[in-house]
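See below for the structure under consideration.
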Amino acid sequence: ADTRGRCELEADRKCINTRLLRERCVVDFDELVAGLHPSQWIDSWHLTVDGLEVFGDRLAAALVDRLSSSSSLSSSPSSSTRGVPDTIRFRFGDVLHITSDDSLKLSKHIRGHYLIHGVNHGRPVYRKCASEDSVSAVVFYWDCRNGDHFAGWWIGPDIGWKHHGFARHTDGEAATPPDRGWHFISDGQDDCSIHVAVVDFDGVPMWSESHLVNSFPELKFNACGDPAVTAAVSGSYWMDGFNHGRPVYRRDGSSTHAEADAVIFFWDDRDGPVWSGWWVSPKLGWDHDGFLRNPDTSSQLPPTMGWAVLICDATEETLELVHALREQT
């Protein structure tokens with residue numbers, strides 16, 4: 001039991017350290033002691049005077065390197081408004097977004113954004129961002145200690161077995177939650193509508209959970225007078241990273257109206273005013289002419305009105321982008 005406990009502790013420690021070392025302000029103490037000569041150790045835990053001097057020199061050099069790189073970070077909103085130091089940043093893999101078919105009963109329990117929230121059995125845990133319209137949910141990994149029936153990735157109200165869970169994935173080898181191949185516990189069948197996607201927040205200041213949830217709302221285009229335009233852009237859009245300093249929104253692939261990919265993104269004036277503004281297109285970039293454009297360059301979020309239909313270069317006055325902003329909790 002002691003051996004298993006030590007192995008589990010080491011697995012959790014390695015998982016945590018792998019994530020922490022992606023921060024510019026974190027020092028790897030394992031690296032600092034690596035390579036010290038055996039004569040510089042009194043025992044497995046204590047250094048000699050000579051060992052301490054070498055370790056101190058290494059630590060000082062590491063701190064100078066880390067602090068100088070951290071000071072070069074661009075300015076961000078005051079940490080007092082978020083409770084998080086400005087040097088702490090989201091890294092790729094910290095934020096997930098889970099979608100599934102709206103018509104399925106358990107979908108409302110698992111849909112939403114999830115933030116990394118510790119480790120379990122050597123793999124990261126993700127907890128759903130709190131909101132008034134959802135129940136608590138976590139994504140966690142369970143190893144084979146209790147048999148194959150429990151091994152794999154789970155989505156449930158908490159870590160453990162006080163609840164039978166909402167959904168499961170049997171892949172016990174994946175280091176992070178798999179994107180496809182999940183099934184709801186209630187029926188045991190694979191449900192292709194469940195999609196676990198990594199949201200690219202790499203390098204973005206690590207806002208508090210409430211700031212994250214309320215700053216990037218779900219977006220929806222309402223029906224307009226042109227049925228073809230409605231069919232092309234209707235559906236729910238969720239935050240999916242950044243482009244040119246503004247959030248990117250990608251259409252929920254489980255939407256019953258989503259016949260093709262659609263992305264809302266911002267383009268700055270680097271290529272001239274004809275390209276600057278907000279766009280709705282099948283993908284980010286210019287491999288496609290796009291569906292809609294809005295020339296508003298001042299809005300930090302996609303504007304609600306003023307969208308021009310690109311195929312006819314005319315503004316569709318009845319087309320509105322609704323921001324489904326959550327209430328503060």
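Labels for the structure tokens follow display order: chains A, B, ..., residues from 1 in each chain, ligands from 1.
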
Q.
Give me, as number ranges by chain, all polymer residues having an atom no more than 12 Å from A:Val309, counting only C-alpha atoms and skipping those fewer than 3 positions away in the same chain.
A. A: 224-226, 228-230, 232-233, 279-281, 289-295, 306, 312-319

Q: Could you find all residues in stretch 79-326 of chain A that DSSP calls strand (DSSP E) from the backbone, and write them as a PyMOL selection string?
A: chain A and resi 95-99+112-120+123-128+138-142+152-156+167-169+183-184+195-199+218-221+235-243+246-251+263-267+277-281+292-294+308-309+314-315+321-324

Q.
For A:Phe55, find every residue with an atom within 12 Å (counting only C-alpha atoms), except residues of its own chain fewer than 4 positions away, and show them as a list of chain:residue names.
A.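 Near neighbours after the sequence-gap exclusion: A:Phe29, A:Asp30, A:Glu31, A:Leu32, A:Val33, A:Ala34, A:Gly35, A:Leu36, A:His37, A:Gln40, A:Trp41, A:His46, A:Leu47, A:Thr48, A:Val49, A:Asp50, A:Gly51, A:Leu59, A:Ala60, A:Ala61, A:Ala62.
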
Please write the residues from the selection above to a file, keeping C-alpha atoms, as a tab-separated table (two decimals), in the first residue's frame.
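Output contents, as saved in out_12.tsv:
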```tsv
chain	number	residue	atom	x	y	z
A	29	PHE	CA	13.98	22.38	-8.49
A	30	ASP	CA	14.45	18.84	-9.81
A	31	GLU	CA	16.69	20.32	-12.51
A	32	LEU	CA	18.62	22.36	-9.94
A	33	VAL	CA	19.65	19.32	-7.89
A	34	ALA	CA	20.21	17.06	-10.89
A	35	GLY	CA	23.90	16.41	-11.51
A	36	LEU	CA	25.10	17.35	-8.03
A	37	HIS	CA	28.06	15.14	-7.15
A	40	GLN	CA	27.81	17.12	-2.11
A	41	TRP	CA	25.10	15.15	-0.32
A	46	HIS	CA	20.52	17.07	3.01
A	47	LEU	CA	23.32	18.86	1.14
A	48	THR	CA	26.84	19.61	2.35
A	49	VAL	CA	28.09	23.18	2.60
A	50	ASP	CA	29.69	22.82	-0.83
A	51	GLY	CA	26.44	21.33	-2.17
A	59	LEU	CA	18.89	28.89	-7.91
A	60	ALA	CA	20.03	32.51	-8.25
A	61	ALA	CA	20.72	32.06	-11.96
A	62	ALA	CA	17.33	30.40	-12.49
```

Q. So, counting only C-alpha atoms, which residue among A:Arg58, A:His244, A:His164, A:His117 is closest to A:Val27?
A. A:Arg58
